[in-house]
file input08.cif (mmCIF, C-alpha atoms)
data_start
loop_
_atom_site.group_PDB
_atom_site.id
_atom_site.type_symbol
_atom_site.label_atom_id
_atom_site.label_comp_id
_atom_site.auth_asym_id
_atom_site.auth_seq_id
_atom_site.Cartn_x
_atom_site.Cartn_y
_atom_site.Cartn_z
ATOM 1 C CA MET A 21 -79.870 -100.049 -163.572
ATOM 2 C CA GLU A 22 -80.363 -98.789 -160.047
ATOM 3 C CA SER A 23 -77.672 -96.559 -158.566
ATOM 4 C CA PRO A 24 -75.472 -97.984 -155.777
ATOM 5 C CA LYS A 25 -76.709 -97.540 -152.231
ATOM 6 C CA SER A 26 -74.948 -97.418 -148.907
ATOM 7 C CA VAL A 27 -75.689 -97.279 -145.200
ATOM 8 C CA ALA A 28 -74.320 -95.400 -142.223
ATOM 9 C CA GLY A 29 -74.974 -96.018 -138.565
ATOM 10 C CA ILE A 30 -75.033 -93.709 -135.601
ATOM 11 C CA ILE A 31 -74.575 -94.999 -132.075
ATOM 12 C CA PHE A 32 -75.046 -92.582 -129.195
ATOM 13 C CA SER A 33 -73.855 -93.150 -125.653
ATOM 14 C CA SER A 34 -76.682 -94.090 -123.262
ATOM 15 C CA ASP A 35 -77.006 -90.449 -122.153
ATOM 16 C CA ARG A 36 -76.916 -89.234 -125.817
ATOM 17 C CA THR A 37 -73.962 -86.881 -125.146
ATOM 18 C CA SER A 38 -71.406 -88.831 -127.212
ATOM 19 C CA VAL A 39 -71.345 -90.550 -130.574
ATOM 20 C CA LEU A 40 -69.282 -93.503 -131.813
ATOM 21 C CA LEU A 41 -66.950 -92.708 -134.711
ATOM 22 C CA ILE A 42 -64.436 -94.798 -136.598
ATOM 23 C CA LYS A 43 -61.191 -93.631 -138.124
ATOM 24 C CA ARG A 44 -61.045 -95.165 -141.565
ATOM 25 C CA ARG A 45 -57.900 -96.913 -142.716
ATOM 26 C CA ASP A 46 -58.152 -96.077 -146.458
ATOM 27 C CA VAL A 47 -58.873 -92.363 -145.932
ATOM 28 C CA PRO A 48 -57.748 -91.599 -142.356
ATOM 29 C CA VAL A 49 -60.642 -89.428 -141.195
ATOM 30 C CA TRP A 50 -63.227 -89.875 -138.440
ATOM 31 C CA VAL A 51 -66.675 -90.861 -139.754
ATOM 32 C CA LEU A 52 -69.770 -92.833 -138.805
ATOM 33 C CA PRO A 53 -69.439 -96.569 -139.505
ATOM 34 C CA GLY A 54 -71.052 -97.805 -142.682
ATOM 35 C CA GLY A 55 -70.573 -99.048 -146.203
ATOM 36 C CA GLY A 56 -72.206 -100.634 -149.197
ATOM 37 C CA ILE A 57 -75.335 -102.736 -149.329
ATOM 38 C CA ASP A 58 -74.690 -106.190 -150.791
ATOM 39 C CA LEU A 59 -76.886 -107.639 -153.529
ATOM 40 C CA ASP A 60 -80.121 -109.059 -152.036
ATOM 41 C CA GLU A 61 -79.347 -107.486 -148.637
ATOM 42 C CA SER A 62 -81.691 -105.092 -146.859
ATOM 43 C CA ALA A 63 -80.351 -101.735 -145.748
ATOM 44 C CA SER A 64 -81.039 -102.543 -142.087
ATOM 45 C CA SER A 65 -79.147 -105.857 -142.366
ATOM 46 C CA ALA A 66 -76.288 -104.086 -144.133
ATOM 47 C CA ILE A 67 -75.761 -101.595 -141.300
ATOM 48 C CA VAL A 68 -75.726 -104.352 -138.676
ATOM 49 C CA ARG A 69 -73.081 -106.197 -140.756
ATOM 50 C CA GLU A 70 -71.012 -103.072 -141.476
ATOM 51 C CA ILE A 71 -70.908 -101.982 -137.827
ATOM 52 C CA LEU A 72 -69.805 -105.461 -136.752
ATOM 53 C CA GLU A 73 -67.108 -105.569 -139.481
ATOM 54 C CA GLU A 74 -65.790 -102.092 -138.672
ATOM 55 C CA THR A 75 -66.092 -101.968 -134.877
ATOM 56 C CA GLY A 76 -66.549 -105.439 -133.378
ATOM 57 C CA PHE A 77 -69.937 -104.428 -131.922
ATOM 58 C CA THR A 78 -73.161 -106.349 -132.484
ATOM 59 C CA VAL A 79 -75.996 -103.829 -132.734
ATOM 60 C CA LYS A 80 -79.723 -103.612 -133.183
ATOM 61 C CA VAL A 81 -81.358 -101.049 -135.427
ATOM 62 C CA ASP A 82 -83.547 -98.631 -133.485
ATOM 63 C CA ARG A 83 -84.799 -96.398 -136.263
ATOM 64 C CA LEU A 84 -84.221 -94.966 -139.715
ATOM 65 C CA VAL A 85 -82.913 -91.412 -139.314
ATOM 66 C CA GLY A 86 -82.829 -90.469 -142.973
ATOM 67 C CA ASP A 87 -82.626 -91.316 -146.650
ATOM 68 C CA TYR A 88 -80.009 -89.117 -148.336
ATOM 69 C CA ILE A 89 -80.062 -88.604 -152.096
ATOM 70 C CA PRO A 90 -76.840 -87.779 -154.023
ATOM 71 C CA ILE A 91 -76.694 -84.731 -156.283
ATOM 72 C CA ASN A 92 -73.527 -85.870 -158.098
ATOM 73 C CA ARG A 93 -71.144 -88.823 -158.469
ATOM 74 C CA LEU A 94 -69.220 -88.038 -155.266
ATOM 75 C CA SER A 95 -71.721 -89.877 -153.082
ATOM 76 C CA LYS A 96 -74.256 -92.703 -153.063
ATOM 77 C CA ARG A 97 -77.816 -92.824 -151.844
ATOM 78 C CA THR A 98 -77.368 -93.501 -148.141
ATOM 79 C CA PHE A 99 -79.699 -94.718 -145.429
ATOM 80 C CA LEU A 100 -78.712 -93.550 -141.936
ATOM 81 C CA TYR A 101 -79.808 -95.747 -139.029
ATOM 82 C CA GLU A 102 -79.612 -95.117 -135.310
ATOM 83 C CA CYS A 103 -78.425 -98.275 -133.563
ATOM 84 C CA THR A 104 -77.781 -99.578 -130.051
ATOM 85 C CA ILE A 105 -74.867 -101.793 -129.035
ATOM 86 C CA LEU A 106 -75.991 -105.228 -127.831
ATOM 87 C CA ASP A 107 -72.655 -106.995 -127.427
ATOM 88 C CA GLY A 108 -68.974 -106.976 -128.299
ATOM 89 C CA SER A 109 -66.020 -104.712 -127.724
ATOM 90 C CA ALA A 110 -64.207 -102.160 -129.849
ATOM 91 C CA LYS A 111 -61.915 -103.979 -132.249
ATOM 92 C CA ILE A 112 -59.554 -102.442 -134.812
ATOM 93 C CA THR A 113 -60.102 -104.126 -138.182
ATOM 94 C CA ASP A 114 -58.713 -104.103 -141.714
ATOM 95 C CA GLU A 115 -61.068 -101.187 -142.409
ATOM 96 C CA THR A 116 -60.510 -99.118 -139.258
ATOM 97 C CA GLN A 117 -57.571 -97.689 -137.360
ATOM 98 C CA GLY A 118 -59.570 -96.126 -134.551
ATOM 99 C CA ILE A 119 -62.908 -96.552 -132.739
ATOM 100 C CA GLN A 120 -63.941 -94.003 -130.160
ATOM 101 C CA PHE A 121 -66.888 -92.212 -128.583
ATOM 102 C CA PHE A 122 -66.629 -88.433 -128.970
ATOM 103 C CA SER A 123 -68.563 -85.816 -127.045
ATOM 104 C CA LEU A 124 -71.106 -84.120 -129.282
ATOM 105 C CA LYS A 125 -69.609 -80.853 -128.029
ATOM 106 C CA GLN A 126 -66.055 -81.808 -129.074
ATOM 107 C CA LEU A 127 -66.269 -83.736 -132.332
ATOM 108 C CA PRO A 128 -63.119 -84.162 -134.432
ATOM 109 C CA PRO A 129 -63.051 -82.613 -137.912
ATOM 110 C CA LEU A 130 -65.594 -84.527 -140.020
ATOM 111 C CA PRO A 131 -65.909 -84.575 -143.807
ATOM 112 C CA PRO A 132 -69.305 -83.722 -145.233
ATOM 113 C CA PRO A 133 -72.055 -84.838 -144.702
ATOM 114 C CA TYR A 134 -71.352 -86.492 -141.321
ATOM 115 C CA LEU A 135 -71.977 -83.458 -139.111
ATOM 116 C CA ASP A 136 -75.362 -82.931 -140.798
ATOM 117 C CA TRP A 137 -76.237 -86.590 -140.255
ATOM 118 C CA ILE A 138 -75.294 -86.453 -136.568
ATOM 119 C CA GLN A 139 -77.477 -83.358 -136.155
ATOM 120 C CA ASP A 140 -80.391 -85.057 -137.929
ATOM 121 C CA ALA A 141 -80.085 -88.038 -135.563
ATOM 122 C CA GLU A 142 -79.873 -85.769 -132.504
ATOM 123 C CA ASN A 143 -83.195 -84.151 -133.450
ATOM 124 C CA GLN A 144 -85.037 -87.485 -133.063
ATOM 125 C CA LEU A 145 -87.602 -86.562 -135.730
ATOM 126 C CA PRO A 146 -89.403 -88.954 -138.062
ATOM 127 C CA PRO A 147 -87.143 -90.106 -140.937
ATOM 128 C CA VAL A 148 -86.002 -87.290 -143.203
ATOM 129 C CA GLN A 149 -85.329 -87.418 -146.909
ATOM 130 C CA LYS A 150 -82.724 -84.913 -148.029
ATOM 131 C CA LYS A 151 -80.393 -84.246 -150.908
ATOM 132 C CA LEU A 152 -76.680 -84.528 -150.101
ATOM 133 C CA VAL A 153 -76.010 -80.878 -150.908
ATOM 134 C CA THR A 154 -72.868 -80.642 -148.732
ATOM 135 C CA VAL A 155 -71.159 -83.315 -150.855
ATOM 136 C CA ASN A 156 -70.416 -81.218 -153.921
ATOM 137 C CA TYR A 157 -67.585 -80.341 -156.280
ATOM 138 C CA LEU A 158 -66.975 -76.885 -154.765
ATOM 139 C CA GLU A 159 -66.552 -78.429 -151.298
ATOM 140 C CA LEU A 160 -64.259 -81.064 -152.823
ATOM 141 C CA MET A 161 -62.054 -78.312 -154.318
ATOM 142 C CA LYS A 162 -61.883 -76.500 -150.953
ATOM 143 C CA LEU A 163 -60.899 -79.733 -149.232
ATOM 144 C CA LEU A 164 -58.347 -80.476 -151.969
ATOM 145 C CA ILE A 165 -56.594 -77.206 -151.154
ATOM 146 C CA LEU A 166 -56.747 -77.756 -147.384
ATOM 147 C CA HIS A 167 -56.126 -81.539 -147.295
ATOM 148 C CA PRO A 168 -54.720 -82.672 -150.663
ATOM 149 C CA ILE A 169 -53.521 -86.106 -149.559
ATOM 150 C CA LEU A 170 -56.839 -87.010 -147.907
ATOM 151 C CA VAL A 171 -58.807 -85.914 -150.993
ATOM 152 C CA ILE A 172 -56.539 -87.887 -153.317
ATOM 153 C CA ARG A 173 -56.981 -90.959 -151.113
ATOM 154 C CA PHE A 174 -60.768 -90.408 -151.139
ATOM 155 C CA LEU A 175 -60.823 -90.151 -154.947
ATOM 156 C CA LEU A 176 -58.661 -93.264 -155.309
ATOM 157 C CA ALA A 177 -61.013 -95.138 -152.948
ATOM 158 C CA ARG A 178 -64.013 -94.032 -155.054
ATOM 159 C CA LEU A 179 -62.236 -95.568 -158.064
ATOM 160 C CA GLY A 180 -61.668 -98.814 -156.160
ATOM 161 C CA LEU A 181 -57.956 -98.155 -155.594
ATOM 162 C CA SER A 182 -57.971 -97.661 -151.847
ATOM 163 C CA ILE A 183 -54.801 -97.430 -149.826
ATOM 164 C CA ASN A 184 -55.704 -99.767 -147.010
ATOM 165 C CA SER A 185 -52.483 -100.825 -145.323
ATOM 166 C CA ARG A 186 -52.517 -102.237 -141.837
ATOM 167 C CA GLU A 187 -49.234 -102.106 -140.023
ATOM 168 C CA GLU A 188 -48.565 -105.190 -137.939
ATOM 169 C CA LYS A 189 -46.593 -104.675 -134.754
#

call {"tool": "encode", "arguments": {"input": "input08.cif", "output": "C-alpha cells"}}
result
Amino acid sequence: MESPKSVAGIIFSSDRTSVLLIKRRDVPVWVLPGGGIDLDESASSAIVREILEETGFTVKVDRLVGDYIPINRLSKRTFLYECTILDGSAKITDETQGIQFFSLKQLPPLPPPYLDWIQDAENQLPPVQKKLVTVNYLELMKLLILHPILVIRFLLARLGLSINSREEK
C-alpha cells in the first residue's frame, strides 16, 4: 500500500516580496494552504482544489517547487507547488480562521517545514527532492515544551480528532 500524500501551495505577491498564508482552524498556526490528495486525483489538481477550499481563490499551478519525503510518521510525502491567483477573494472557511499576505521579511512563527519550503520556492530552482528532516521527534518535543496546546491539537488532528470549531457571530 502506498503511503498517503499531500500537497502545499505557495502564492507570492506579484513583486515576490510577500507570501499568502492561512491560519488553520484545527491547529491555529500560520501555514501554506494545502491538504490531502484524493483517490484518483493528481497532485496539481489537489492543490488547486485545496487552495480554493481554504482561501476562496481560484489559482493556476505555475511550477512544482519540490517533492518532500517524510522520515517518520509525523508527516506525509508532500508536493509543493507555486501558484498564481486567477480569481476570487479571501474567504474564511471551515478550515481557516485567517488568510493574509505576509512580507517575506516579517513572517509569523511557522511550524516546520514551512520556512524551508518558502525558501525553496524563493530560490526559483528546478524542482527539489528533499527529506523532511525538520519534521522530527526531537523538534516535536521542543515544540511540546514551548507550545503544549498547539502540539496536542496537532497530534489529535493527525489521529483524525481535530478540534475544528467555527464560532458564528

call {"tool": "residues_around", "arguments": {"input": "input08.cif", "residues": "stretch 42-44 of chain A", "least_positions_apart": "4", "cutoff": "7 Å", "atoms": "all atoms listed in the file", "output": "number ranges by chain"}}
result
A: 48-53, 115-120

call {"tool": "closest_residue", "arguments": {"input": "input08.cif", "among": "A:Ile57, A:Ala110, A:Ile31, A:Ile89", "to": "A:Glu142", "atoms": "all atoms listed in the file"}}
result
A:Ile31

call {"tool": "resolve_selection", "arguments": {"input": "input08.cif", "expression": "the PyMOL selection byres ((chain A and resi 77-87) around 7)", "output": "list of chain:residue names"}}
result
A:Ser64, A:Val68, A:Ile71, A:Leu72, A:Thr75, A:Gly76, A:Tyr88, A:Ile89, A:Thr98, A:Phe99, A:Leu100, A:Tyr101, A:Glu102, A:Cys103, A:Thr104, A:Ile105, A:Leu106, A:Asp107, A:Gly108, A:Ser109, A:Ala110, A:Asp140, A:Ala141, A:Pro147, A:Val148, A:Gln149, A:Lys150

call {"tool": "closest_residue", "arguments": {"input": "input08.cif", "among": "A:Asn156, A:Ala177, A:Ala66, A:Leu41", "to": "A:Pro129", "atoms": "all atoms listed in the file"}}
result
A:Leu41

call {"tool": "atom_distance", "arguments": {"input": "input08.cif", "atom1": "atom CA of A:Glu70", "atom2": "atom CA of A:Pro146"}}
result
23.4 Å

call {"tool": "resolve_selection", "arguments": {"input": "input08.cif", "expression": "the PyMOL selection byres ((chain A and resi 91) around 9)", "output": "list in words"}}
result
Ile89, Pro90, Asn92, Arg93, Leu94, Ser95, Lys96, Lys151, Leu152, Val153, Val155 and Asn156 of chain A

call {"tool": "atom_distance", "arguments": {"input": "input08.cif", "atom1": "atom CA of A:Ile138", "atom2": "atom CA of A:Gly56"}}
result
19.2 Å

call {"tool": "atom_distance", "arguments": {"input": "input08.cif", "atom1": "atom CA of A:Val39", "atom2": "atom CA of A:Pro133"}}
result
15.3 Å

call {"tool": "closest_residue", "arguments": {"input": "input08.cif", "among": "A:Val27, A:Asp58, A:Pro131, A:Leu181", "to": "A:Lys162", "atoms": "all atoms listed in the file"}}
result
A:Pro131

call {"tool": "closest_residue", "arguments": {"input": "input08.cif", "among": "A:Ile112, A:Arg97, A:Gly29, A:Glu73", "to": "A:Arg45", "atoms": "all atoms listed in the file"}}
result
A:Ile112

call {"tool": "residues_around", "arguments": {"input": "input08.cif", "residues": "A:Phe122", "least_positions_apart": "5", "cutoff": "7 Å", "atoms": "only C-alpha atoms", "output": "number ranges by chain"}}
result
A: 38-40, 127

call {"tool": "closest_residue", "arguments": {"input": "input08.cif", "among": "A:Ser26, A:His167, A:Arg69, A:Phe32", "to": "A:Gln144", "atoms": "all atoms listed in the file"}}
result
A:Phe32

call {"tool": "decode", "arguments": {"input": "input08.cif", "residues": "stretch 23-142 of chain A", "atoms": "C-alpha atoms", "output": "PDB file, in the first residue's frame"}}
result
ATOM      1  CA  SER A  23       1.832   5.951   1.818  1.00  0.00           C
ATOM      2  CA  PRO A  24      -0.538   8.952   1.986  1.00  0.00           C
ATOM      3  CA  LYS A  25       0.463  12.029   0.029  1.00  0.00           C
ATOM      4  CA  SER A  26      -0.357  15.682   0.416  1.00  0.00           C
ATOM      5  CA  VAL A  27       0.126  18.997  -1.342  1.00  0.00           C
ATOM      6  CA  ALA A  28       1.015  22.518  -0.304  1.00  0.00           C
ATOM      7  CA  GLY A  29       0.804  25.680  -2.342  1.00  0.00           C
ATOM      8  CA  ILE A  30       2.798  28.863  -2.249  1.00  0.00           C
ATOM      9  CA  ILE A  31       1.440  32.095  -3.669  1.00  0.00           C
ATOM     10  CA  PHE A  32       3.739  35.103  -3.829  1.00  0.00           C
ATOM     11  CA  SER A  33       2.620  38.681  -4.310  1.00  0.00           C
ATOM     12  CA  SER A  34       3.262  39.980  -7.845  1.00  0.00           C
ATOM     13  CA  ASP A  35       6.542  41.571  -6.706  1.00  0.00           C
ATOM     14  CA  ARG A  36       7.555  38.350  -4.833  1.00  0.00           C
ATOM     15  CA  THR A  37       8.044  40.223  -1.522  1.00  0.00           C
ATOM     16  CA  SER A  38       5.065  38.650   0.283  1.00  0.00           C
ATOM     17  CA  VAL A  39       3.577  35.194   0.609  1.00  0.00           C
ATOM     18  CA  LEU A  40      -0.011  34.089   1.255  1.00  0.00           C
ATOM     19  CA  LEU A  41      -0.518  32.146   4.486  1.00  0.00           C
ATOM     20  CA  ILE A  42      -3.596  30.707   6.129  1.00  0.00           C
ATOM     21  CA  LYS A  43      -4.263  30.381   9.827  1.00  0.00           C
ATOM     22  CA  ARG A  44      -5.635  26.906  10.337  1.00  0.00           C
ATOM     23  CA  ARG A  45      -8.748  26.398  12.415  1.00  0.00           C
ATOM     24  CA  ASP A  46      -7.884  22.940  13.852  1.00  0.00           C
ATOM     25  CA  VAL A  47      -4.333  23.883  14.898  1.00  0.00           C
ATOM     26  CA  PRO A  48      -4.276  27.707  14.998  1.00  0.00           C
ATOM     27  CA  VAL A  49      -0.930  28.369  13.326  1.00  0.00           C
ATOM     28  CA  TRP A  50       0.007  30.166  10.107  1.00  0.00           C
ATOM     29  CA  VAL A  51       0.948  27.786   7.272  1.00  0.00           C
ATOM     30  CA  LEU A  52       0.849  27.469   3.495  1.00  0.00           C
ATOM     31  CA  PRO A  53      -2.518  26.250   2.180  1.00  0.00           C
ATOM     32  CA  GLY A  54      -2.729  22.583   1.325  1.00  0.00           C
ATOM     33  CA  GLY A  55      -4.024  19.177   2.272  1.00  0.00           C
ATOM     34  CA  GLY A  56      -4.526  15.617   1.170  1.00  0.00           C
ATOM     35  CA  ILE A  57      -4.711  14.248  -2.340  1.00  0.00           C
ATOM     36  CA  ASP A  58      -7.996  12.446  -3.012  1.00  0.00           C
ATOM     37  CA  LEU A  59      -8.091   8.993  -4.588  1.00  0.00           C
ATOM     38  CA  ASP A  60      -7.646   9.247  -8.388  1.00  0.00           C
ATOM     39  CA  GLU A  61      -6.715  12.946  -8.122  1.00  0.00           C
ATOM     40  CA  SER A  62      -3.464  14.384  -9.444  1.00  0.00           C
ATOM     41  CA  ALA A  63      -1.284  16.394  -7.097  1.00  0.00           C
ATOM     42  CA  SER A  64      -1.640  19.516  -9.256  1.00  0.00           C
ATOM     43  CA  SER A  65      -5.453  19.205  -9.241  1.00  0.00           C
ATOM     44  CA  ALA A  66      -5.402  18.649  -5.483  1.00  0.00           C
ATOM     45  CA  ILE A  67      -3.554  21.905  -4.784  1.00  0.00           C
ATOM     46  CA  VAL A  68      -5.947  23.910  -6.961  1.00  0.00           C
ATOM     47  CA  ARG A  69      -8.882  22.367  -5.028  1.00  0.00           C
ATOM     48  CA  GLU A  70      -7.267  22.814  -1.598  1.00  0.00           C
ATOM     49  CA  ILE A  71      -6.406  26.477  -2.190  1.00  0.00           C
ATOM     50  CA  LEU A  72      -9.961  27.195  -3.342  1.00  0.00           C
ATOM     51  CA  GLU A  73     -11.431  25.357  -0.309  1.00  0.00           C
ATOM     52  CA  GLU A  74      -9.136  27.097   2.178  1.00  0.00           C
ATOM     53  CA  THR A  75      -8.892  30.615   0.740  1.00  0.00           C
ATOM     54  CA  GLY A  76     -11.638  31.296  -1.810  1.00  0.00           C
ATOM     55  CA  PHE A  77      -9.031  31.897  -4.543  1.00  0.00           C
ATOM     56  CA  THR A  78      -9.011  30.126  -7.900  1.00  0.00           C
ATOM     57  CA  VAL A  79      -5.389  29.534  -8.888  1.00  0.00           C
ATOM     58  CA  LYS A  80      -3.278  28.103 -11.651  1.00  0.00           C
ATOM     59  CA  VAL A  81      -0.228  25.972 -10.989  1.00  0.00           C
ATOM     60  CA  ASP A  82       2.963  27.613 -12.229  1.00  0.00           C
ATOM     61  CA  ARG A  83       5.535  25.029 -11.240  1.00  0.00           C
ATOM     62  CA  LEU A  84       6.482  22.183  -8.937  1.00  0.00           C
ATOM     63  CA  VAL A  85       8.849  23.549  -6.285  1.00  0.00           C
ATOM     64  CA  GLY A  86       9.632  20.283  -4.551  1.00  0.00           C
ATOM     65  CA  ASP A  87       8.820  16.722  -3.582  1.00  0.00           C
ATOM     66  CA  TYR A  88       9.362  16.248   0.160  1.00  0.00           C
ATOM     67  CA  ILE A  89       9.847  12.774   1.609  1.00  0.00           C
ATOM     68  CA  PRO A  90       8.902  12.003   5.253  1.00  0.00           C
ATOM     69  CA  ILE A  91      11.449  10.443   7.598  1.00  0.00           C
ATOM     70  CA  ASN A  92       8.848   9.420  10.208  1.00  0.00           C
ATOM     71  CA  ARG A  93       5.092   9.223  10.826  1.00  0.00           C
ATOM     72  CA  LEU A  94       4.755  12.924  11.706  1.00  0.00           C
ATOM     73  CA  SER A  95       4.459  13.962   8.068  1.00  0.00           C
ATOM     74  CA  LYS A  96       3.346  12.775   4.638  1.00  0.00           C
ATOM     75  CA  ARG A  97       5.072  12.907   1.295  1.00  0.00           C
ATOM     76  CA  THR A  98       4.243  16.409   0.106  1.00  0.00           C
ATOM     77  CA  PHE A  99       4.389  18.102  -3.268  1.00  0.00           C
ATOM     78  CA  LEU A 100       4.863  21.880  -3.056  1.00  0.00           C
ATOM     79  CA  TYR A 101       3.532  23.933  -5.971  1.00  0.00           C
ATOM     80  CA  GLU A 102       3.953  27.608  -6.735  1.00  0.00           C
ATOM     81  CA  CYS A 103       0.626  29.039  -7.885  1.00  0.00           C
ATOM     82  CA  THR A 104      -0.840  32.307  -9.156  1.00  0.00           C
ATOM     83  CA  ILE A 105      -4.245  33.697  -8.208  1.00  0.00           C
ATOM     84  CA  LEU A 106      -6.614  33.919 -11.183  1.00  0.00           C
ATOM     85  CA  ASP A 107      -9.851  34.928  -9.474  1.00  0.00           C
ATOM     86  CA  GLY A 108     -11.729  35.142  -6.197  1.00  0.00           C
ATOM     87  CA  SER A 109     -11.316  36.908  -2.897  1.00  0.00           C
ATOM     88  CA  ALA A 110     -10.054  35.857   0.511  1.00  0.00           C
ATOM     89  CA  LYS A 111     -12.783  33.917   2.276  1.00  0.00           C
ATOM     90  CA  ILE A 112     -12.671  32.429   5.781  1.00  0.00           C
ATOM     91  CA  THR A 113     -13.815  28.801   5.633  1.00  0.00           C
ATOM     92  CA  ASP A 114     -14.494  25.861   7.935  1.00  0.00           C
ATOM     93  CA  GLU A 115     -10.778  25.052   7.674  1.00  0.00           C
ATOM     94  CA  THR A 116      -9.309  28.544   8.090  1.00  0.00           C
ATOM     95  CA  GLN A 117      -9.610  31.409  10.535  1.00  0.00           C
ATOM     96  CA  GLY A 118      -7.253  33.772   8.748  1.00  0.00           C
ATOM     97  CA  ILE A 119      -5.905  34.472   5.240  1.00  0.00           C
ATOM     98  CA  GLN A 120      -3.202  37.061   4.789  1.00  0.00           C
ATOM     99  CA  PHE A 121      -0.155  38.034   2.752  1.00  0.00           C
ATOM    100  CA  PHE A 122       2.951  38.401   4.925  1.00  0.00           C
ATOM    101  CA  SER A 123       6.180  40.132   3.993  1.00  0.00           C
ATOM    102  CA  LEU A 124       8.956  37.602   3.497  1.00  0.00           C
ATOM    103  CA  LYS A 125      10.977  39.775   5.880  1.00  0.00           C
ATOM    104  CA  GLN A 126       8.330  39.620   8.639  1.00  0.00           C
ATOM    105  CA  LEU A 127       6.805  36.148   8.606  1.00  0.00           C
ATOM    106  CA  PRO A 128       4.827  34.976  11.643  1.00  0.00           C
ATOM    107  CA  PRO A 129       6.135  31.980  13.599  1.00  0.00           C
ATOM    108  CA  LEU A 130       5.818  28.943  11.309  1.00  0.00           C
ATOM    109  CA  PRO A 131       5.958  25.273  12.282  1.00  0.00           C
ATOM    110  CA  PRO A 132       8.448  23.122  10.418  1.00  0.00           C
ATOM    111  CA  PRO A 133       8.907  22.657   7.475  1.00  0.00           C
ATOM    112  CA  TYR A 134       7.111  25.756   6.124  1.00  0.00           C
ATOM    113  CA  LEU A 135      10.021  28.197   6.361  1.00  0.00           C
ATOM    114  CA  ASP A 136      12.227  25.746   4.434  1.00  0.00           C
ATOM    115  CA  TRP A 137       9.541  25.375   1.770  1.00  0.00           C
ATOM    116  CA  ILE A 138       9.154  29.143   1.381  1.00  0.00           C
ATOM    117  CA  GLN A 139      12.929  29.460   0.981  1.00  0.00           C
ATOM    118  CA  ASP A 140      12.986  26.671  -1.617  1.00  0.00           C
ATOM    119  CA  ALA A 141      10.262  28.470  -3.598  1.00  0.00           C
ATOM    120  CA  GLU A 142      12.081  31.813  -3.335  1.00  0.00           C
TER     121      GLU A 142
END
